[in-house]
$ cat upload.txt   # compact mmCIF, C-alpha atoms
# COMPACT_ATOMS: atom_id res chain seq x y z
CA MET A 253 198.45 140.75 -75.32
CA LEU A 254 199.61 143.52 -77.60
CA THR A 255 196.26 143.71 -79.40
CA ALA A 256 194.46 145.16 -76.36
CA LEU A 257 197.22 147.72 -75.83
CA ARG A 258 197.16 148.60 -79.54
CA LYS A 259 193.39 149.23 -79.33
CA ASP A 260 193.93 151.67 -76.44
CA VAL A 261 196.51 153.62 -78.47
CA GLN A 262 194.33 153.53 -81.58
CA ALA A 263 191.43 155.03 -79.61
CA VAL A 264 193.60 158.01 -78.60
CA LEU A 265 194.99 158.37 -82.13
CA GLU A 266 191.46 158.52 -83.54
CA ARG A 267 190.70 161.54 -81.32
CA THR A 268 193.85 163.35 -82.50
CA PRO A 269 193.47 165.78 -85.42
CA THR A 270 195.77 164.73 -88.28
CA ALA A 271 196.30 165.39 -91.99
CA ARG A 272 196.07 161.64 -92.67
CA ARG A 273 195.59 158.53 -90.60
CA PRO A 274 198.86 157.89 -88.76
CA ALA A 275 200.58 154.52 -88.92
CA LEU A 276 200.61 152.39 -85.79
CA ARG A 277 202.90 149.37 -85.70
CA ARG A 278 205.02 147.15 -83.49
CA SER A 279 208.20 148.95 -82.61
CA ASP A 280 211.55 147.59 -83.77
CA ASP A 281 213.10 149.22 -80.70
CA PRO A 282 213.53 146.68 -77.87
CA ASP A 283 212.54 149.34 -75.33
CA ALA A 284 209.17 150.13 -76.91
CA LEU A 285 206.07 148.11 -77.73
CA LEU A 286 204.50 150.31 -80.40
CA ALA A 287 205.42 153.17 -82.72
CA THR A 288 203.41 155.75 -84.63
CA ASP A 289 204.37 158.30 -87.28
CA LEU A 290 201.96 160.83 -85.74
CA PRO A 291 204.57 163.66 -85.77
CA LEU A 292 204.57 163.44 -89.59
CA THR A 293 200.77 163.79 -89.77
CA ALA A 294 199.87 166.30 -87.06
CA ASP A 295 200.98 169.67 -85.76
CA ASP A 296 203.14 170.02 -82.65
CA GLN A 297 200.19 170.90 -80.41
CA ALA A 298 198.24 167.78 -81.45
CA VAL A 299 201.34 165.63 -80.89
CA ALA A 300 201.89 167.18 -77.44
CA GLU A 301 198.23 166.54 -76.52
CA PHE A 302 198.49 162.94 -77.73
CA ILE A 303 201.59 162.40 -75.59
CA ALA A 304 199.87 163.95 -72.56
CA ARG A 305 196.81 161.69 -73.01
CA MET A 306 199.01 158.61 -73.40
CA ASN A 307 201.05 159.53 -70.32
CA ALA A 308 197.80 159.91 -68.36
CA LEU A 309 196.92 156.33 -69.40
CA GLY A 310 200.24 155.06 -68.03
CA TRP A 311 202.23 154.96 -71.26
CA HIS A 312 205.78 156.24 -71.66
CA VAL A 313 206.06 158.05 -75.00
CA TRP A 314 209.17 159.53 -76.59
CA ARG A 315 210.09 160.97 -79.96
CA GLN A 316 212.64 159.32 -82.21
CA GLY A 317 213.00 161.01 -85.58
CA GLY A 318 209.56 161.31 -87.18
CA TRP A 319 208.12 158.62 -84.93
CA LEU A 320 206.75 158.37 -81.41
CA LEU A 321 207.84 155.25 -79.55
CA MET A 322 205.51 153.98 -76.85
CA ASP A 323 205.86 151.58 -73.97
CA ALA A 324 203.53 150.45 -71.19
CA GLU A 325 203.26 147.66 -68.66
CA VAL A 326 201.90 144.51 -70.24
CA PRO A 327 199.19 143.10 -67.96
CA LEU A 328 200.08 139.76 -66.42
CA PRO A 329 198.21 137.11 -68.41
CA ASP A 330 196.63 133.97 -67.01
CA CYS A 331 198.28 130.80 -68.28
CA ALA A 332 196.69 128.12 -66.14
CA GLY A 333 196.74 124.69 -67.72
CA THR A 334 199.06 125.46 -70.62
CA GLU A 335 200.78 122.31 -71.81
CA PRO A 336 204.28 122.87 -73.17
CA PRO A 337 204.08 122.40 -76.94
CA GLU A 338 206.70 120.83 -79.17
CA GLY A 339 209.60 122.98 -80.27
CA GLU A 340 211.65 125.74 -78.73
CA ALA A 341 208.72 127.47 -77.04
CA GLY A 342 207.85 124.22 -75.30
CA CYS A 343 211.44 123.77 -74.14
CA CYS A 344 211.46 127.29 -72.72
CA ILE A 345 208.16 126.75 -70.90
CA SER A 346 209.45 123.47 -69.51
CA LEU A 347 212.63 125.12 -68.24
CA LEU A 348 210.65 127.92 -66.56
CA LEU A 349 208.27 125.44 -64.96
CA ARG A 350 211.25 123.66 -63.42
CA HIS A 351 213.12 126.88 -62.48
CA PRO A 352 210.46 129.53 -61.67
CA GLU A 353 212.33 131.68 -59.17
CA GLY A 354 213.80 134.53 -61.26
CA GLU A 355 212.20 137.82 -62.31
CA ALA A 356 211.46 138.76 -65.91
CA ASP A 357 212.70 142.10 -67.15
CA ARG A 358 210.55 144.39 -69.26
CA ARG A 359 212.71 143.94 -72.34
CA ALA A 360 212.14 140.16 -72.29
CA ILE A 361 208.40 140.64 -71.77
CA ARG A 362 208.27 143.08 -74.70
CA ALA A 363 210.19 140.63 -76.91
CA VAL A 364 207.77 137.78 -76.15
CA VAL A 365 204.69 139.96 -76.65
CA LYS A 366 205.93 141.30 -79.99
CA ALA A 367 207.03 137.84 -81.19
CA ALA A 368 203.61 136.40 -80.32
CA GLU A 369 201.91 139.04 -82.42
CA SER A 370 204.31 138.32 -85.29
CA GLY A 371 203.32 134.66 -85.35
CA PRO A 372 204.54 131.16 -84.52
CA SER A 373 207.80 131.30 -86.46
CA ALA A 374 208.85 134.57 -84.81
CA LEU A 375 208.05 133.11 -81.40
CA GLU A 376 210.06 129.96 -82.17
CA ARG A 377 213.07 132.06 -83.32
CA LEU A 378 212.93 134.10 -80.12
CA CYS A 379 212.60 130.97 -77.98
CA ALA A 380 215.57 129.34 -79.72
CA GLY A 381 217.74 132.21 -78.54
CA LEU A 382 216.21 132.18 -75.06
CA HIS A 383 216.71 128.41 -74.78
CA GLU A 384 220.40 128.75 -75.58
CA THR A 385 220.83 131.65 -73.14
CA TRP A 386 218.94 129.87 -70.36
CA ALA A 387 220.89 126.63 -70.80
CA ALA A 388 224.10 128.61 -70.29
CA ALA A 389 222.59 130.33 -67.23
CA LEU A 390 221.69 126.98 -65.68
CA ARG A 391 225.22 125.69 -66.25
CA GLU A 392 226.48 128.76 -64.37
CA HIS A 393 223.88 128.29 -61.59
CA ARG A 394 222.09 131.56 -62.41
CA LYS A 395 218.34 132.05 -62.08
CA LEU A 396 216.05 131.92 -65.09
CA PRO A 397 213.40 134.62 -65.60
CA GLY A 398 210.53 132.60 -64.13
CA GLY A 399 208.32 135.69 -64.20
CA LEU A 400 208.29 135.36 -67.98
CA LEU A 401 206.32 132.09 -67.80
CA PRO A 402 202.77 133.54 -67.97
CA TYR A 403 203.72 135.75 -70.93
CA LEU A 404 205.34 132.85 -72.77
CA CYS A 405 202.39 130.55 -72.10
CA ARG A 406 199.95 133.18 -73.36
CA ALA A 407 202.14 133.78 -76.42
CA VAL A 408 202.04 130.06 -77.25
CA ASP A 409 198.26 130.02 -76.82
CA MET A 410 197.92 133.05 -79.12
CA THR A 411 200.06 131.56 -81.88
CA LYS A 412 198.03 128.32 -81.92
CA ARG A 413 195.02 130.15 -83.33

$ encode --input "upload.txt" --output "structure tokens"
Amino acid sequence: MLTALRKDVQAVLERTPTARRPALRRSDDPDALLATDLPLTADDQAVAEFIARMNALGWHVWRQGGWLLMDAEVPLPDCAGTEPPEGEAGCCISLLLRHPEGEADRRAIRAVVKAAESGPSALERLCAGLHETWAAALREHRKLPGGLLPYLCRAVDMTKR
């Protein structure tokens, strides 16, 4: 999921004049998907043009120190036929299948997308926390973020490879 978005950003970065190739990585900020150190490698005009091009593509870009943080909508993936696997991810999928009515917030979607790219152990760690949170929500008769199901299913499929 994040790979396609990363390719879009990389294509714009490649057209931006820089002193060296800028870094592009997953953001540690929960409100951003990706980060680049472009401001450390390009002049202010090139950075401003990069931001304008990214905004035109639907990205939200902001500066934080020597980095640009970037966020965009993650396209809704198809997860038809995903069987819940063993482990925490499987428990989370099972819970969402049984309680699909709630919405997923962007922060949760970002967390799942970034964990999937980090690998199976990162996804399992994230799901362990989600499982605990969702169990408490069910005890309090609150809705679960059912809208997260397609992202979680796709994340599981990605980490199987």

$ atom_distance --input "upload.txt" --atom1 "atom CA of A:Ala388" --atom2 "atom CA of A:Ala363"
19.5 Å

$ residues_around --input "upload.txt" --residues "stretch 345-361 of chain A" --least-positions-apart "6" --cutoff "9 Å" --atoms "only C-alpha atoms" --output "number ranges by chain"
A: 282-284, 325-326, 335-337, 383, 386-387, 394-401, 403-405

$ residues_around --input "upload.txt" --residues "stretch 370-373 of chain A" --least-positions-apart "3" --cutoff "6 Å" --atoms "all atoms listed in the file" --output "PDB file with C-alpha atoms, in the frame of the given file"
ATOM      1  CA  ALA A 367     207.030 137.840 -81.190  1.00  0.00           C
ATOM      2  CA  GLU A 376     210.060 129.960 -82.170  1.00  0.00           C
ATOM      3  CA  THR A 411     200.060 131.560 -81.880  1.00  0.00           C
TER       4      THR A 411
END

$ atom_distance --input "upload.txt" --atom1 "atom CA of A:Val264" --atom2 "atom CA of A:Ala407"
25.8 Å

$ residues_around --input "upload.txt" --residues "A:Leu321" --least-positions-apart "4" --cutoff "6 Å" --atoms "all atoms listed in the file" --output "list of chain:residue names"
A:Ala284, A:Ala287, A:Val313, A:Trp314

$ atom_distance --input "upload.txt" --atom1 "atom CA of A:Arg305" --atom2 "atom CA of A:Asp260"
11.0 Å

$ closest_residue --input "upload.txt" --among "A:Ala271, A:Ala256, A:Val408, A:Val364" --to "A:Gly342" --atoms "only C-alpha atoms"
A:Val408

$ closest_residue --input "upload.txt" --among "A:Met410, A:Leu290, A:Asn307, A:Gln316" --to "A:Ala368" --atoms "all atoms listed in the file"
A:Met410

$ closest_residue --input "upload.txt" --among "A:Ala374, A:Leu390, A:Leu254, A:Ala380" --to "A:Ala324" --atoms "only C-alpha atoms"
A:Leu254

$ closest_residue --input "upload.txt" --among "A:Asp281, A:Glu369, A:Glu266, A:Glu392" --to "A:Phe302" --atoms "only C-alpha atoms"
A:Glu266

$ axis_aligned_box --input "upload.txt" --around "stretch 366-385 of chain A" --padding-each-side "4 Å" --output "AutoDock Vina command-line options"
--center_x 211.4 --center_y 134.9 --center_z -79.8 --size_x 26.9 --size_y 20.9 --size_z 21.3

$ closest_residue --input "upload.txt" --among "A:Leu375, A:Val365, A:Ala275, A:Ala341" --to "A:Thr293" --atoms "all atoms listed in the file"
A:Ala275

$ closest_residue --input "upload.txt" --among "A:Thr288, A:His393, A:Thr255, A:Ala294" --to "A:Gly317" --atoms "all atoms listed in the file"
A:Thr288

$ decode --input "upload.txt" --residues "stretch 388-404 of chain A" --atoms "all heavy atoms" --output "short mmCIF file (atom, residue, chain, number, x, y, z; two decimals), in the first residue's frame"
data_model
loop_
_atom_site.label_atom_id
_atom_site.label_comp_id
_atom_site.auth_asym_id
_atom_site.auth_seq_id
_atom_site.Cartn_x
_atom_site.Cartn_y
_atom_site.Cartn_z
N ALA A 388 -11.25 -3.89 25.15
CA ALA A 388 -11.78 -2.94 26.13
C ALA A 388 -12.97 -2.19 25.54
O ALA A 388 -13.99 -1.97 26.24
CB ALA A 388 -10.69 -1.97 26.56
N ALA A 389 -12.90 -1.80 24.29
CA ALA A 389 -14.01 -1.08 23.64
C ALA A 389 -15.26 -1.95 23.61
O ALA A 389 -16.37 -1.46 23.87
CB ALA A 389 -13.61 -0.67 22.22
N LEU A 390 -15.11 -3.22 23.29
CA LEU A 390 -16.27 -4.12 23.26
C LEU A 390 -16.89 -4.28 24.64
O LEU A 390 -18.12 -4.33 24.77
CB LEU A 390 -15.88 -5.48 22.67
CG LEU A 390 -15.61 -5.49 21.18
CD1 LEU A 390 -15.08 -6.84 20.74
CD2 LEU A 390 -16.85 -5.12 20.39
N ARG A 391 -16.05 -4.35 25.66
CA ARG A 391 -16.58 -4.45 27.03
C ARG A 391 -17.39 -3.22 27.41
O ARG A 391 -18.32 -3.29 28.20
CB ARG A 391 -15.44 -4.66 28.04
CG ARG A 391 -14.87 -6.06 28.02
CD ARG A 391 -13.93 -6.30 29.19
NE ARG A 391 -12.76 -5.46 29.20
CZ ARG A 391 -11.62 -5.71 28.55
NH1 ARG A 391 -11.51 -6.82 27.83
NH2 ARG A 391 -10.60 -4.89 28.64
N GLU A 392 -17.03 -2.08 26.82
CA GLU A 392 -17.72 -0.81 27.10
C GLU A 392 -18.79 -0.51 26.05
O GLU A 392 -19.33 0.59 26.02
CB GLU A 392 -16.69 0.32 27.15
CG GLU A 392 -15.69 0.15 28.27
CD GLU A 392 -14.51 1.10 28.16
OE1 GLU A 392 -14.48 1.93 27.22
OE2 GLU A 392 -13.61 0.99 29.01
N HIS A 393 -19.09 -1.48 25.20
CA HIS A 393 -20.12 -1.37 24.15
C HIS A 393 -19.85 -0.22 23.18
O HIS A 393 -20.78 0.46 22.74
CB HIS A 393 -21.51 -1.24 24.79
CG HIS A 393 -21.82 -2.36 25.72
ND1 HIS A 393 -22.09 -3.62 25.30
CD2 HIS A 393 -21.86 -2.39 27.09
CE1 HIS A 393 -22.30 -4.40 26.34
NE2 HIS A 393 -22.15 -3.69 27.44
N ARG A 394 -18.58 0.00 22.86
CA ARG A 394 -18.20 0.99 21.86
C ARG A 394 -17.92 0.29 20.54
O ARG A 394 -17.56 -0.88 20.51
CB ARG A 394 -16.94 1.77 22.29
CG ARG A 394 -17.21 2.70 23.47
CD ARG A 394 -15.99 3.54 23.83
NE ARG A 394 -15.00 2.71 24.53
CZ ARG A 394 -13.72 2.63 24.20
NH1 ARG A 394 -13.22 3.31 23.19
NH2 ARG A 394 -12.89 1.85 24.89
N LYS A 395 -18.07 1.02 19.45
CA LYS A 395 -17.83 0.46 18.11
C LYS A 395 -16.34 0.27 17.87
O LYS A 395 -15.51 1.04 18.35
CB LYS A 395 -18.39 1.39 17.03
CG LYS A 395 -19.89 1.46 17.01
CD LYS A 395 -20.34 2.39 15.90
CE LYS A 395 -21.85 2.44 15.86
NZ LYS A 395 -22.31 3.33 14.79
N LEU A 396 -16.04 -0.76 17.08
CA LEU A 396 -14.67 -0.98 16.61
C LEU A 396 -14.52 -0.29 15.26
O LEU A 396 -15.50 -0.04 14.56
CB LEU A 396 -14.39 -2.48 16.46
CG LEU A 396 -14.50 -3.33 17.71
CD1 LEU A 396 -14.07 -4.75 17.41
CD2 LEU A 396 -13.69 -2.75 18.85
N PRO A 397 -13.29 0.01 14.86
CA PRO A 397 -13.07 0.68 13.57
C PRO A 397 -13.17 -0.30 12.40
O PRO A 397 -12.17 -0.67 11.78
CB PRO A 397 -11.67 1.26 13.71
CG PRO A 397 -10.99 0.32 14.65
CD PRO A 397 -12.05 -0.14 15.62
N GLY A 398 -14.38 -0.73 12.09
CA GLY A 398 -14.60 -1.70 11.02
C GLY A 398 -14.04 -1.26 9.68
O GLY A 398 -13.66 -2.09 8.85
N GLY A 399 -13.95 0.04 9.45
CA GLY A 399 -13.38 0.55 8.20
C GLY A 399 -11.91 0.23 8.04
O GLY A 399 -11.35 0.37 6.96
N LEU A 400 -11.28 -0.24 9.10
CA LEU A 400 -9.87 -0.61 9.05
C LEU A 400 -9.67 -2.01 8.46
O LEU A 400 -8.56 -2.37 8.06
CB LEU A 400 -9.27 -0.54 10.46
CG LEU A 400 -7.77 -0.56 10.61
CD1 LEU A 400 -7.13 0.59 9.84
CD2 LEU A 400 -7.39 -0.48 12.08
N LEU A 401 -10.75 -2.79 8.36
CA LEU A 401 -10.64 -4.18 7.92
C LEU A 401 -9.92 -4.35 6.58
O LEU A 401 -9.00 -5.17 6.50
CB LEU A 401 -12.03 -4.83 7.89
CG LEU A 401 -12.06 -6.30 7.46
CD1 LEU A 401 -11.26 -7.16 8.42
CD2 LEU A 401 -13.50 -6.79 7.37
N PRO A 402 -10.27 -3.63 5.52
CA PRO A 402 -9.57 -3.87 4.25
C PRO A 402 -8.07 -3.56 4.34
O PRO A 402 -7.26 -4.25 3.72
CB PRO A 402 -10.26 -2.96 3.24
CG PRO A 402 -11.27 -2.19 3.97
CD PRO A 402 -11.34 -2.66 5.37
N TYR A 403 -7.70 -2.54 5.11
CA TYR A 403 -6.29 -2.19 5.25
C TYR A 403 -5.54 -3.28 6.03
O TYR A 403 -4.43 -3.65 5.68
CB TYR A 403 -6.15 -0.84 5.96
CG TYR A 403 -6.77 0.28 5.18
CD1 TYR A 403 -8.06 0.71 5.48
CD2 TYR A 403 -6.08 0.89 4.14
CE1 TYR A 403 -8.65 1.74 4.75
CE2 TYR A 403 -6.66 1.92 3.41
CZ TYR A 403 -7.94 2.34 3.73
OH TYR A 403 -8.52 3.35 3.00
N LEU A 404 -6.18 -3.80 7.06
CA LEU A 404 -5.56 -4.84 7.87
C LEU A 404 -5.43 -6.15 7.07
O LEU A 404 -4.39 -6.81 7.12
CB LEU A 404 -6.37 -5.05 9.15
CG LEU A 404 -5.73 -5.90 10.23
CD1 LEU A 404 -4.36 -5.39 10.60
CD2 LEU A 404 -6.63 -5.90 11.46
#
